[in-house]
Amino acid sequence: MSVRFGDVTAAARCNDPEFKTHAHGERERERERLAHVTRGHRGQDNRSRAGTTARGSFYAGAGKAWHESDARAREQTPRTGQRAREMAEHHAASDGKHKASAGAGGSVHGSSRPGAAVGGGGGGGTGKGGLSGGLTQPAGWQSLLSFSILFLACLAGFSSRLFAVIRFESIIHEFDPWFNYRSTHHLTTNGFYEFLNWFDERAWYPLGRIVGGTVYPGLMVTAGLIHYVLNLLHITVHIRDVCVFLAPVFSGLTAISTFLLTRELWNQGAGLLAACFIAIVPGYISRSVAGSFDNEGIAIFALQFTYYLWVKSVKTGSVFWAIGCCLSYFYMVSAWGGYVFIINLIPLHVFALLLMQRYSRRVYIAYSTFYIVGLVLSMQIPFVGFQPIRTSEHMAAAGVFALLQAYALLQYLKDRLTRQEFQTLFFLGVSLAAGVVFLTVIYLTYTGVYVPLARAHYAKIHIPIIASVSEHQPTTWVSFFFDLHILVCTFPAGLWFCIKNINDERVFVALYAISAVYFAGVMVRLMLTLTPVVCMLSAVAFSSVFEHYMGDDTKREKPPAEDSSDEDDKRNSGNLYDKVKSIVTMLMLMLLMMFAVHCTWVTSNAYSSPSVVLASYNHDGTRNILDDFREAYYWLRQNTDEHVRVMSWWDYGYQIAGMANRTTLVDNNTWNNSHIALVSRSNVDYVLIIFGGVIGYSGDDINKFLWMVRIAEGEHPKDIRESDYFTPQGEFRVDKAGSPTLLNCLMYKMSYYRFGEMQLDFRTPPGFDRTRNAEIGNKDIKFKHLEEAFTSEHWLVRIYKVKNLDNREPLDHKLRSVVPRQKYTSKKVTAVGPFVSIAFPKTPRGCFVLSTRSVYCHRGAKKPENIHM
Amino acid sequence: MAPKATILAACLLLVAALGSGVSGDGLVNEDVKRTVDLSSHLAKTTAEIVLSNQGNSGVQSFVLAVEADLAPHLAYIGATVSEPFPTHITQAERQLVVFQGNHYLFSPYPTRSQTTRVRLASKTAESYTKLGNPAKSDEVLEYGPFRDVAPFSEDTMKIHYENNSPFLTISSITRIIEVSHWGNIAVEETIDLRHTGANLKGPFSRYDYQRQSDSGISSVKSFKTILPASAQDVYYRDEIGNISTSHLQVLDDSVEVEVRPRFPLFGGWKTHYIIGYNLPSYEYLYTLGDQYALKMRLVDHVYDDQVIDSMTVKIILPEGARNIHVDTPYKIDRMPNQLHYTYLDTFGRPVLVATKNNLVEQHIQDVVVHYNFNKILMLQEPLLVVGAFYILFFTVIIYVRLDFAITKDPAAEVRMKVASITEQVLTLVNKRLGLYRHMDEVVNRYKQSRDTGALNSGRKTLEADHRALTNEISSLQARLKAEGSDLADKVGEVQKLDGQLKELVCRSSQEAERLVAGKVKKEAYIESEKTLISRRQELVGRIDSLLDAL
């Protein structure tokens with residue numbers, strides 16, 4: 001028994017090295033004392049260990065002991081002991097932690113152990129138990145240590161996300177965050193209800209966008225609320241700063257919720273490790289650096305916290321925790337579309353528990369409460385609406401709910417009826433009903449869980465706009481390693497540990513891990529959902545290894561004291577063991593160190609660029625800031641009419657709306673393919689393109705042009721053919737050998753207008769494109785309907801003004817009589833709007849290109865009455 | 001966009017020869033030398049006037065008249081108009097400007113003789129009025145001298161010339177000065193800037209702009225703003241973030257910011273930015289007891305020859321400033337005071353608001369704000385922070401110490417009670433074991449010093465302490481029993497073992513006594529001591545294991 005305790009102690013101790021040294025110091029001092037005094041002192045040491053044990057051990061025995069007690073209770077009360085079982089269950093649940101180590105000690109009702117008082121506080125918070133214990137108690141030290149480790153993890157997580165702020169400034173990054181920022185700004189200036197009713201006429205011209213009903217408002221409301229509270233306290237922080245720092249703050253909260261969840265799953269030490277991992281792991285930092293004001297930043301916190309509360313409610317079977325879980329789920333629904341992951345994973349967990357014969361009253365209470373309250377709450381989000389009862393993604397949850405009810409009924413009847421009756425009933429009714437329910441559930445579960453995946457596959461292959469987003473590409477091994485480093489190797493070990501010592505909540509984490517791995521394999525973007533579980537399971541793996549290899553001093557010291565018969569043998573083997581132990585420990589610590597270094601490096605180099613501001617470095621290390629995007633956007637904002645419409649590739653829609661405050665045709669909200677494909681067949685005043693040929697910026701519009709063509713081809717296969725833009729050899733070239741269609745299309749001409757005269761370098765000919773390393777093929781570019789309005793300093797952004805109508809041929813009264821276009825008259829005249837077709841002003845229908853009303857009349861679409869705002 | 005009127009500021013250098021005891025009506029302009037400087041976008045007229053008093057009475061003042069149609073443009077003393085003509089030019093073209101003025105000094109007094117000298121911005125002048133056949137040499141036009149000009153005589157002078165100097169106008173500026181008694185004055189200026197020269201017609205070609213030096217010659221690339229020498233933490237930004245194209249140069253007597261808008265400003269283009277900095281308050285804030293005086297520039301330098309259409313100044317004084325009184329160098333329009341809330345404010349800081357239109361460089365003058373401030377109020381903010389933390393910690397303490405459960409779980413309560421009792425038992429038992437350890441030390445010391453008195457007193461204290469501790473443990477044991485815990489038996493066992501242990505300790509001290517007294521041999525003593533120790537260890541081990549089980 002004492003050996004067992006030693007074991008547990010080791011587990012508790014190895015988690016915090018400082019504690020170890022503290023204990024070590026004690027031991028040192030002991031040795032200095034007289035031999036016979038030593039034993040006397042050991043009492044103290046042991047006592048301290050007992051206290052530690054109580055706090056730190058959700059050791060392997062935890063679940064087992066609790067299930068034992070559960071089982072035992074059930075055995076004792078086979079028929080009539082409903083109440084007794086309830087009590088036992090309740091007892092087991094509320095005191096599971098104490099019992100865990102008590103179970104290790106062999107007594108089921110080990111409630112009177114010394115640590116109980118201290119450990120009692122552990123459930124609620126970190127520091128609580130410690131405070132009552134005081135710092136003279138090792139338990140107090142331990143909770144102080146846990147608290148400070150957790151705090152430091154949050155701090156590290158927060159500060160490692162600030163690279164971009166320190167290097168550049170407090171600015172919103174990339175594309176989507178600009179929309180979120182703009183909405184949040186609207187929310188804070190106009191109030192919540194105005195925000196819900198907001199019809200944004202600046203987006204998706206001429207359709208507009210009902211923002212309140214088409215966003216997950218959680219992010220904006222969170223930022224708005226924080227801003228409101230701070231301003232209420234007269235802390236005058238600009239909403240931009242709130243938005244910029246929201247993700248780092250929430251990453252701190254994520255660390256805490258990951259700690260809580262891992263503590264529930266394994267033990268406190270693993271929890272702390274997991275918190276440290278999630279704080280700095282690049283896979284999560286990639287979406288939560290300061291300035292990336294996006295749903296994912298807060299959603300991962302909500303996800304982890306919901307899971308924590310779910311595990312807690314499964315463990316306790318209390319409605320309180322289940323309601324907490326629902327509220328957290330509600331927050332998650334309001335924050336991110338990824339809530340579908342929760343609403344499938346939790347039913348999957350329940351289903352797996354049923355299959356594993358792990359059904360219990362706790363699961364029933366937890367799931368029934370969660371499903372009903374969660375369903376009602378999730379339907380309160382306008383964007384979600386009735387989806388939870390209509391779409392297949394949510395059907396798994398409903399199916400499992402029905403199944404659970406049937407199963408519970410079965411259990412209930414089992415208690416009430418005699419064996420004979422029950423059997424009859426079972427064979428007649430229940431098998432029928434349950435069979436039906438089972439089949440539906442299996443069917444629904446199948447469709448429910450796998451449809452999104454199938455859809456993801458489908459979308460990827462068939463809808464070019466989805467495939468055109470780089471984050472929808474399948475994940476490569478490199479990016480697994482890049483984002484998770486050593487964790488990707490250790491997390492299977494953690495999973496194995498969990499499966500080896502399975503219990504209710506470990507079933508959950510195993511399912512979480514497996515499904516997340518699958519999703520992450522489908523899309524790079526879903527690495528994000530994988531990251532937390534990888535951190536947790538790796539923490540479990542590291543924690544277990546350290547338990548074995550770091551904390552065994554006490555265990556080794558004890559046996560020689562008790563039986564000195566084969567002391568020498570033990571010493572020798574002990575020495576060898578000691579070496580192995582220290583080697584393993586060193587290796588592990590090295591790995592962790594390298595992990596930290598890698599994380600910092602990746603964060604600093606890969607994920608901390610605002611992408612709105614570019615930086616280049618000279619030979620002497622000084623930095624040049626290329627601020628072309630903002631230059632051009634700000635020009636648009638200041639020097640164009642408030643109501644002009646700007647056409648651009650959809651990436652830049654949000655930025656134009658956010659920074660230039662002008663109407664855009666399309667933006668990053670990819671809900672309407674045909675609209676994106678038709679970009680330009682409408683009435684615009686300015687055309688904005690990104691051109692990287694001068695500075696060698698590879699993400700420019702010429703490189704994205706093929707996607708535009710593909711999207712357009714997807715919608716208008718008769719007008720546009722991708723193959724026209726390739727050379728006969730199948731190459732995409734911009735030089736003289738390039739396809740004439742490409743060389744004369746509008747995008748090409750806009751990009752290279754007057755570029756042919758420009759000599760960047762003495763070694764290269766004029767018109768040498770640095771991005772594609774080629775001299776452009778068409779240097780003599782003239783426009784008929786466009787004029788250059790603005791080009792930024794490094795030519796990165798070029799804005800063209802569409803000339804007024806009166807410059808063109810009149811086309812008023814003849815419009816109605818225009819014969820629908822012959823489809824294949826001239827292949828060159830593949831008009832997808834100005835991007836392509838303005839290059840051919842000679843076409844008989846050149847008028848339709850970029851002209852205002854004619855497009856609509858010509859296409860037979862609804863006549864725009866109020867286009868000119 | 002209508003071409004904007006540009007403003008003229010006339011500085012008068014008055015050389016007045018006043019006769020003795022004359023009336024105001026007899027004033028005569030003896031000799032007037034006017035200089036009209038058109039080299040920048042701002043037309044500056046300087047007039048040197050020799051004034052003589054032909055009347056009989058002494059003159060205290062004289063009147064300077066301003067042409068009626070110029071009154072709206074008057075910035076400082078006088079004003080006149082120059083407009084770009086043509087109003088729209090392409091990027092490659094040069095900017096031409098028409099200046100309309102008066103050939104004569106506009107004065108209520110007759111003038112004997114005057115000359116007007118016009119300095120142009122460039123050699124190129126398309127046309128100019130030929131009154132009196134002016135002489136033109138390079139950039140200078142000389143009119144006159146004109147003899148015996150009647151009062152209020154006007155004759156339009158029109159000059160059409162090339163002027164590529166940037167026609168920048170600040171269409172509005174908001175200057176916020178925030179005074180903190182903690183040693184800082186924060187200044188922030190929000191500026192709307194507009195190029196009021198000839199509008200850009202047609203495309204803007206970056207290629208031409210970069211490759212040809214005379215392309216867009218009238219556009220504004222950058223300008224210099226001079227800040228006070230002690231300015232720190234300068235920032236230059238707009239709604240979408242920091243404007244990265246600026247340079248800061250710290251000079252001996254000033255800080256120069258090279259302000260470069262995000263894009264070059266062509267005619268008709270505008271931009272908007274914010275520039276801000278901190279100043280140490282000791283340079284601008286004067287104090288005498290509770291009285292304070294803030295002496296700052298009402299408007300500061302933005303660019304050379306600046307023209308401001310409308311300005312708003314807000315001066316934010318510390319919370320609790322009273323009896324505010326403002327001394328302005330010139331007339332400004334005061335608006336009602338406002339309240340401003342920022343960090344750690346409770347009842348708000350008073351904000352003085354003032355506006356003024358049409359300002360030029362000569363308006364850069366100091367304003368003095370007097371107010372009273374009770375120094376005790378300085379403590380308010382730290383106390384607020386202290387209070388907040390106090391409340392926070394107090395809440396945590398309350399939360400941790402009190403039980404907020406709405407249901408009572410008797411089992412859990414008993415468990416907690418038992419746990420606390422066992423905790424006490426553990427402490428006591430360990431203390432008791434410590435007593436033995438202490439006793440051992442006493443014995444060892446005794447063996448060396450052979451001081452029987454010390455040994456006896458040590459033994460006595462041991463006895464007393466031991467009895468007290470044992471009693472306490474027994475009472476705890478009784479309480480455990482009362483709670484119905486089976487641990488009471490274990491404690492009883494510990495007590496029993498402890499009795500034996502104590503006996504051993506006593507025996508070892510007796511043995512030591514006998515050894516010192518020479519009643520036993522050293523070998524025998526060591527032998528017995530060894531057995532005693534091993535038995536003690538055994539007992540301690542058993543107690544330990546019992547304690548572990550507690």
# chains A, B, ... in the order shown; residues from 1 in each chain; ligands from 1
call {"tool": "interface_residues", "arguments": {"of": "chain B", "to": "chain A", "cutoff": "8 Å", "atoms": "only C-alpha atoms", "output": "PyMOL selection string"}}
result
chain B and resi 202-207+240-242+244+262-263+269-272+341-345+400-401+415-416+418-420+422-423+426+430+433-434+437+440+485+487+533+537+540-541+543-545+547-550
call {"tool": "select_by_dssp", "arguments": {"residues": "range 105-320 of chain B", "states": "strand (DSSP E)", "output": "JSON, numbers by chain"}}
result
{"B": [111, 112, 113, 114, 115, 116, 117, 118, 119, 125, 126, 127, 128, 135, 136, 137, 140, 141, 142, 143, 144, 145, 146, 147, 148, 149, 156, 157, 158, 159, 160, 161, 162, 168, 169, 170, 171, 172, 173, 174, 175, 176, 177, 178, 179, 180, 184, 185, 186, 187, 188, 189, 190, 191, 192, 193, 194, 195, 199, 200, 223, 224, 225, 226, 227, 228, 232, 233, 234, 235, 236, 237, 238, 241, 242, 247, 248, 249, 250, 254, 255, 256, 257, 258, 259, 270, 271, 272, 273, 274, 275, 276, 277, 278, 279, 280, 285, 286, 287, 288, 291, 292, 293, 294, 295, 296, 297, 307, 308, 309, 310, 311, 312, 313, 314, 315, 316]}
call {"tool": "residues_around", "arguments": {"residues": "range 371-382 of chain B", "least_positions_apart": "3", "cutoff": "6 Å", "atoms": "only C-alpha atoms", "output": "JSON, numbers by chain"}}
result
{"B": [290, 291, 292, 321, 322, 323, 324, 385]}
call {"tool": "closest_residue", "arguments": {"among": "A:Arg710, A:Arg263, A:Lys784, A:Arg525", "to": "Ser286 in chain A", "atoms": "only C-alpha atoms"}}
result
A:Arg525
call {"tool": "closest_residue", "arguments": {"among": "B:Asp238, B:Asp327, B:Asp214, B:Glu178", "to": "Ala293 in chain B", "atoms": "only C-alpha atoms"}}
result
B:Asp327
call {"tool": "select_by_dssp", "arguments": {"residues": "range 42-216 of chain B", "states": "helix (DSSP H, G or I)", "output": "number ranges by chain"}}
result
B: 68-73, 206-211
call {"tool": "residues_around", "arguments": {"residues": "Leu96 in chain B", "least_positions_apart": "5", "cutoff": "8 Å", "atoms": "only C-alpha atoms", "output": "ChimeraX atom specification"}}
result
/B:84-86,160-164,198
call {"tool": "write_last_selection", "arguments": {"atoms": "all heavy atoms", "output": "mmCIF file, in the first residue's frame"}}
result
data_model
loop_
_atom_site.group_PDB
_atom_site.id
_atom_site.type_symbol
_atom_site.label_atom_id
_atom_site.label_comp_id
_atom_site.auth_asym_id
_atom_site.auth_seq_id
_atom_site.Cartn_x
_atom_site.Cartn_y
_atom_site.Cartn_z
ATOM 1 N N PRO B 84 -5.966 79.573 -59.038
ATOM 2 C CA PRO B 84 -5.325 78.863 -60.140
ATOM 3 C C PRO B 84 -6.129 79.066 -61.414
ATOM 4 O O PRO B 84 -7.361 79.044 -61.405
ATOM 5 C CB PRO B 84 -5.355 77.408 -59.677
ATOM 6 C CG PRO B 84 -6.422 77.343 -58.662
ATOM 7 C CD PRO B 84 -6.512 78.686 -58.031
ATOM 8 N N PHE B 85 -5.432 79.299 -62.462
ATOM 9 C CA PHE B 85 -6.109 79.421 -63.751
ATOM 10 C C PHE B 85 -5.175 78.893 -64.821
ATOM 11 O O PHE B 85 -4.061 79.377 -64.935
ATOM 12 C CB PHE B 85 -6.477 80.870 -64.026
ATOM 13 C CG PHE B 85 -7.304 81.012 -65.265
ATOM 14 C CD1 PHE B 85 -8.673 80.840 -65.212
ATOM 15 C CD2 PHE B 85 -6.691 81.276 -66.481
ATOM 16 C CE1 PHE B 85 -9.430 80.954 -66.357
ATOM 17 C CE2 PHE B 85 -7.450 81.374 -67.633
ATOM 18 C CZ PHE B 85 -8.829 81.223 -67.583
ATOM 19 N N PRO B 86 -5.479 77.899 -65.577
ATOM 20 C CA PRO B 86 -6.732 77.144 -65.593
ATOM 21 C C PRO B 86 -6.940 76.333 -64.318
ATOM 22 O O PRO B 86 -5.977 75.984 -63.657
ATOM 23 C CB PRO B 86 -6.573 76.231 -66.796
ATOM 24 C CG PRO B 86 -5.109 76.068 -66.965
ATOM 25 C CD PRO B 86 -4.500 77.366 -66.543
ATOM 26 N N HIS B 160 -1.045 87.121 -63.910
ATOM 27 C CA HIS B 160 -1.221 85.700 -64.232
ATOM 28 C C HIS B 160 0.166 85.100 -64.388
ATOM 29 O O HIS B 160 0.877 85.399 -65.324
ATOM 30 C CB HIS B 160 -2.031 85.582 -65.529
ATOM 31 C CG HIS B 160 -2.481 84.184 -65.804
ATOM 32 N ND1 HIS B 160 -2.908 83.784 -67.034
ATOM 33 C CD2 HIS B 160 -2.590 83.109 -65.003
ATOM 34 C CE1 HIS B 160 -3.243 82.502 -66.987
ATOM 35 N NE2 HIS B 160 -3.067 82.076 -65.757
ATOM 36 N N TYR B 161 0.532 84.272 -63.499
ATOM 37 C CA TYR B 161 1.932 83.813 -63.505
ATOM 38 C C TYR B 161 1.998 82.341 -63.106
ATOM 39 O O TYR B 161 1.025 81.754 -62.618
ATOM 40 C CB TYR B 161 2.767 84.654 -62.535
ATOM 41 C CG TYR B 161 2.364 84.495 -61.099
ATOM 42 C CD1 TYR B 161 3.128 83.745 -60.216
ATOM 43 C CD2 TYR B 161 1.199 85.085 -60.625
ATOM 44 C CE1 TYR B 161 2.744 83.584 -58.909
ATOM 45 C CE2 TYR B 161 0.802 84.931 -59.320
ATOM 46 C CZ TYR B 161 1.588 84.176 -58.460
ATOM 47 O OH TYR B 161 1.189 84.011 -57.166
ATOM 48 N N GLU B 162 3.140 81.760 -63.273
ATOM 49 C CA GLU B 162 3.318 80.352 -62.936
ATOM 50 C C GLU B 162 3.713 80.235 -61.479
ATOM 51 O O GLU B 162 4.635 80.918 -61.013
ATOM 52 C CB GLU B 162 4.408 79.740 -63.824
ATOM 53 C CG GLU B 162 4.639 78.277 -63.543
ATOM 54 C CD GLU B 162 5.826 77.724 -64.328
ATOM 55 O OE1 GLU B 162 6.053 78.204 -65.455
ATOM 56 O OE2 GLU B 162 6.513 76.838 -63.798
ATOM 57 N N ASN B 163 3.026 79.375 -60.784
ATOM 58 C CA ASN B 163 3.352 79.168 -59.374
ATOM 59 C C ASN B 163 3.163 77.691 -59.053
ATOM 60 O O ASN B 163 2.058 77.196 -58.943
ATOM 61 C CB ASN B 163 2.428 80.018 -58.501
ATOM 62 C CG ASN B 163 2.811 79.953 -57.051
ATOM 63 O OD1 ASN B 163 3.631 79.136 -56.648
ATOM 64 N ND2 ASN B 163 2.218 80.827 -56.253
ATOM 65 N N ASN B 164 4.274 77.017 -58.938
ATOM 66 C CA ASN B 164 4.184 75.584 -58.679
ATOM 67 C C ASN B 164 4.306 75.238 -57.202
ATOM 68 O O ASN B 164 4.397 74.080 -56.837
ATOM 69 C CB ASN B 164 5.252 74.828 -59.466
ATOM 70 C CG ASN B 164 4.911 74.789 -60.933
ATOM 71 O OD1 ASN B 164 3.781 74.492 -61.299
ATOM 72 N ND2 ASN B 164 5.872 75.118 -61.777
ATOM 73 N N ALA B 198 -4.575 73.960 -58.787
ATOM 74 C CA ALA B 198 -5.345 73.501 -59.935
ATOM 75 C C ALA B 198 -5.585 72.006 -59.840
ATOM 76 O O ALA B 198 -4.662 71.242 -59.555
ATOM 77 C CB ALA B 198 -4.587 73.821 -61.210
#
call {"tool": "residues_around", "arguments": {"residues": "Tyr607 in chain A", "least_positions_apart": "3", "cutoff": "8 Å", "atoms": "only C-alpha atoms", "output": "PyMOL selection string"}}
result
chain A and resi 285-286+289+602-604
call {"tool": "write_last_selection", "arguments": {"atoms": "N, CA and C atoms", "output": "short mmCIF file (atom, residue, chain, number, x, y, z; two decimals), in the first residue's frame"}}
result
data_model
loop_
_atom_site.label_atom_id
_atom_site.label_comp_id
_atom_site.auth_asym_id
_atom_site.auth_seq_id
_atom_site.Cartn_x
_atom_site.Cartn_y
_atom_site.Cartn_z
N ILE A 285 -1.55 29.52 -32.80
CA ILE A 285 -1.09 30.90 -32.94
C ILE A 285 -1.40 31.41 -34.34
N SER A 286 -1.36 30.50 -35.33
CA SER A 286 -1.58 30.95 -36.69
C SER A 286 -2.91 31.67 -36.83
N VAL A 289 -2.91 35.44 -33.65
CA VAL A 289 -1.94 36.49 -33.33
C VAL A 289 -2.69 37.80 -33.15
N VAL A 602 8.53 29.89 -35.49
CA VAL A 602 7.42 29.86 -36.46
C VAL A 602 6.53 31.08 -36.27
N THR A 603 6.23 31.37 -35.02
CA THR A 603 5.35 32.51 -34.76
C THR A 603 5.96 33.78 -35.31
N SER A 604 7.26 33.92 -35.04
CA SER A 604 7.89 35.16 -35.45
C SER A 604 8.03 35.25 -36.96
#
call {"tool": "atom_distance", "arguments": {"atom1": "CA of Val220 in chain B", "atom2": "CA of Ile173 in chain B"}}
result
18.6 Å
call {"tool": "residues_around", "arguments": {"residues": "Glu511 in chain B", "least_positions_apart": "6", "cutoff": "9 Å", "atoms": "only C-alpha atoms", "output": "PyMOL selection string"}}
result
chain B and resi 520+525+528-529
